[in-house]
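*Asks:* First, the structure itself, so that you have it in front of you.
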Amino acid sequence: MNNQSELEKYVEYGVAGTPQIKADEKKHWLGEFRERITFALNFEQINRKEAIKMVEEKCKDGRVNKLILENSVLDTIAEKYMDVAKKYDKEYKTIDMNTNKEIALVLASNEAVNEKDILIEKLPVLPEAFYHAKNKKLCKKHMQELREEAPLFIDEFEEITLLDKMMGISCGVCEHMKK
Ligand SMILES: [Zn+2]
C-alpha cells in the first residue's frame, strides 16, 4: 500500500535533489553558494601584494561575513589573509578542495547577495613612477593622479603639508621624475 501523497513525493524529491545540483557549484566556490560570494581570487592572483590590499578593501563591505582560503595556499600567504580577516572581524576558515585548484580565496556573505562580477581578470598595479617614488609624500597633482589611476594604493601615500614644505620635503614622484 502506498500512503505517500504526490505532494510528499514531490517534497522528498525536492529536498534530495537540490543539494545534489548545488554540490558542484559549492565545490567550485570553496564550499559556498555562488550567490553568496562577493569576491574571489584564483591561485595566480593570491600571492600578489596587490591581492591582499584588494581583499582588505573588499572586507570593508558589511555584507561580507567570512573569508575562506583553499588549503594549499602557502602558510606565509595565508597568515596575511588571516590578519585581514581578524582586522575586519570576519570569520576565517580554510577548506581542502582536493580536485579543484582554481579558486584560492572567496569572501562570502551568510545570505544571497547575487554580486555580478566576483572575479577580476587583472589586479590593479601601482604605476611605475609611484612605485619608485623617493618618499611617500606627494604634491596635490600626483595625489590626484593616484586617486584616479590607482585608488587602491591611496592610503600608502600622503599629501605634502605646509609643515613638510617648510622642512624641505618635496613630492616623491616629482623628485623621481627629475632624474
Ligand atoms: Zn609631484
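Residues in the C-alpha cells are numbered from 1 in each chain, the chains being A, B, ... in the order shown, and ligands are numbered from 1 in the order shown.
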Give as a PyMOL selection string the residues surrounding ligand 1 up to a distance of 12 Å, considering only C-alpha atoms and all ligand atoms.
*Replies:* chain A and resi 129-130+133-146+157-160+169-178
*Asks:* From the DSSP assignment of the backbone, select every residue of range 3-143 of chain A that is strand (DSSP E or B), and format the answer as a ChimeraX atom specification.
*Replies:* /A:37-42,66-70,91-95,103-108,119,137-138
*Asks:* Under the rule that only C-alpha atoms are counted, which of A:Ile52, A:Ile77, A:Leu67, A:Ala150 is the nearest residue to Val125 in chain A?
*Replies:*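 Distance minimum relative to Val125 in chain A lands on A:Ala150.
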*Asks:* Using only C-alpha atoms, which residues of range 80-147 of chain A come within 12 Å of range 32-51 of chain A, and what is the closest atom pair for each, with the distance in Å to one decimal? Give it as JSON lines, sorted by chain and residue number.
*Replies:*
{"residue": "A:Lys80", "atom": "CA", "partner": "A:Lys49", "partner_atom": "CA", "distance": 9.9}
{"residue": "A:Tyr81", "atom": "CA", "partner": "A:Ile46", "partner_atom": "CA", "distance": 9.7}
{"residue": "A:Val84", "atom": "CA", "partner": "A:Ala51", "partner_atom": "CA", "distance": 11.6}
{"residue": "A:Ile95", "atom": "CA", "partner": "A:Glu32", "partner_atom": "CA", "distance": 10.7}
{"residue": "A:Met97", "atom": "CA", "partner": "A:Glu32", "partner_atom": "CA", "distance": 11.8}
{"residue": "A:Asn100", "atom": "CA", "partner": "A:Phe43", "partner_atom": "CA", "distance": 10.8}
{"residue": "A:Lys101", "atom": "CA", "partner": "A:Phe43", "partner_atom": "CA", "distance": 7.3}
{"residue": "A:Glu102", "atom": "CA", "partner": "A:Asn42", "partner_atom": "CA", "distance": 5.6}
{"residue": "A:Ile103", "atom": "CA", "partner": "A:Asn42", "partner_atom": "CA", "distance": 4.4}
{"residue": "A:Ala104", "atom": "CA", "partner": "A:Asn42", "partner_atom": "CA", "distance": 4.9}
{"residue": "A:Leu105", "atom": "CA", "partner": "A:Leu41", "partner_atom": "CA", "distance": 5.1}
{"residue": "A:Val106", "atom": "CA", "partner": "A:Ala40", "partner_atom": "CA", "distance": 4.3}
{"residue": "A:Leu107", "atom": "CA", "partner": "A:Phe39", "partner_atom": "CA", "distance": 5.2}
{"residue": "A:Ala108", "atom": "CA", "partner": "A:Ile37", "partner_atom": "CA", "distance": 4.4}
{"residue": "A:Ser109", "atom": "CA", "partner": "A:Arg36", "partner_atom": "CA", "distance": 5.2}
{"residue": "A:Asn110", "atom": "CA", "partner": "A:Arg36", "partner_atom": "CA", "distance": 6.7}
{"residue": "A:Glu111", "atom": "CA", "partner": "A:Arg36", "partner_atom": "CA", "distance": 5.7}
{"residue": "A:Ala112", "atom": "CA", "partner": "A:Arg36", "partner_atom": "CA", "distance": 4.5}
{"residue": "A:Val113", "atom": "CA", "partner": "A:Arg36", "partner_atom": "CA", "distance": 5.3}
{"residue": "A:Asn114", "atom": "CA", "partner": "A:Glu35", "partner_atom": "CA", "distance": 4.6}
{"residue": "A:Glu115", "atom": "CA", "partner": "A:Thr38", "partner_atom": "CA", "distance": 5.7}
{"residue": "A:Lys116", "atom": "CA", "partner": "A:Thr38", "partner_atom": "CA", "distance": 8.4}
{"residue": "A:Asp117", "atom": "CA", "partner": "A:Phe39", "partner_atom": "CA", "distance": 7.7}
{"residue": "A:Ile118", "atom": "CA", "partner": "A:Phe39", "partner_atom": "CA", "distance": 4.3}
{"residue": "A:Leu119", "atom": "CA", "partner": "A:Ala40", "partner_atom": "CA", "distance": 5.4}
{"residue": "A:Ile120", "atom": "CA", "partner": "A:Leu41", "partner_atom": "CA", "distance": 7.6}
{"residue": "A:Glu121", "atom": "CA", "partner": "A:Gln45", "partner_atom": "CA", "distance": 9.3}
{"residue": "A:Lys122", "atom": "CA", "partner": "A:Gln45", "partner_atom": "CA", "distance": 8.4}
{"residue": "A:Leu123", "atom": "CA", "partner": "A:Glu50", "partner_atom": "CA", "distance": 6.6}
{"residue": "A:Pro124", "atom": "CA", "partner": "A:Glu50", "partner_atom": "CA", "distance": 6.8}
{"residue": "A:Val125", "atom": "CA", "partner": "A:Glu50", "partner_atom": "CA", "distance": 6.8}
{"residue": "A:Leu126", "atom": "CA", "partner": "A:Glu50", "partner_atom": "CA", "distance": 8.5}
*Asks:* Can you tell me how far CA of Ile68 in chain A sits from CA of Ile154 in chain A, in Å to one decimal?
*Replies:* 26.4 Å
*Asks:* Out of A:Leu30, A:Leu74, A:Ala23, A:Leu152, which residue has the shortest atom-to-atom distance to Lys93 in chain A when counting only C-alpha atoms?
*Replies:* A:Leu30
*Asks:* Per DSSP on the backbone, what are the helix (DSSP H, G or I) residues of range 52-159 of chain A, as a PyMOL selection string?
*Replies:* chain A and resi 52-59+75-87+128-131+140-149+151-156
*Asks:* Figure out the distance between CA of Met82 in chain A and CA of Asp96 in chain A, please, to one decimal in Å.
*Replies:* 16.4 Å
*Asks:* Please compute the CA of Ser72 in chain A-CA of Thr94 in chain A distance, one decimal, in Å.
*Replies:* 9.1 Å
